[in-house]
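K.L.:
My structure is below; once you've seen it, I'll send some questions.
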Amino acid sequence: MALKDLLDAARRRLGLVDPVAEQLKDPPREEIRLTNPWHAVAIQPGPKRCAAVEALLGQRFLSKDAPRLPLKECTEAGCACRYRHYEDRRHEGVSLDRNGMPLPHANRRDND
């Protein structure tokens, strides 16, 4: 047991800690670590698009190389752009919609 844990236990026994406040404490945050080196993101524009995001539609970026949101050149006051996550940045041969996102069943035949 770490010294901090011993001190916390002693404070609780002596009544120096509010039990309700102790329960409301945020749980420790886990560090998020990517295990897939090809994890990628694309920028999903919000309802109002600026010219900066229009230039990036249809592009995927490795997560570590993605531009931060809101974009530096963004002209929208309440930018609502988000990242869309992908396991892999490659999407060759996939049809894209007007937002630059892959279409579902884009390569299926009409009689399927």
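Ordered as shown in the structure tokens, chains take letters A, B, and onward, while each chain numbers its residues from 1 and ligands are numbered from 1 in the order shown.
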Segment 76-89 of chain A: which residues within 9 Å, counting only C-alpha atoms, same-chain residues fewer than 6 positions away excluded, as a PyMOL selection string?

P.N.:
chain A and resi 36-50+53+59-63+69-70+101

K.L.:
Which value, in Å to one decimal, gives the distance between atom CA of Pro67 of chain A and atom CA of Thr35 of chain A?

P.N.:
20.2 Å
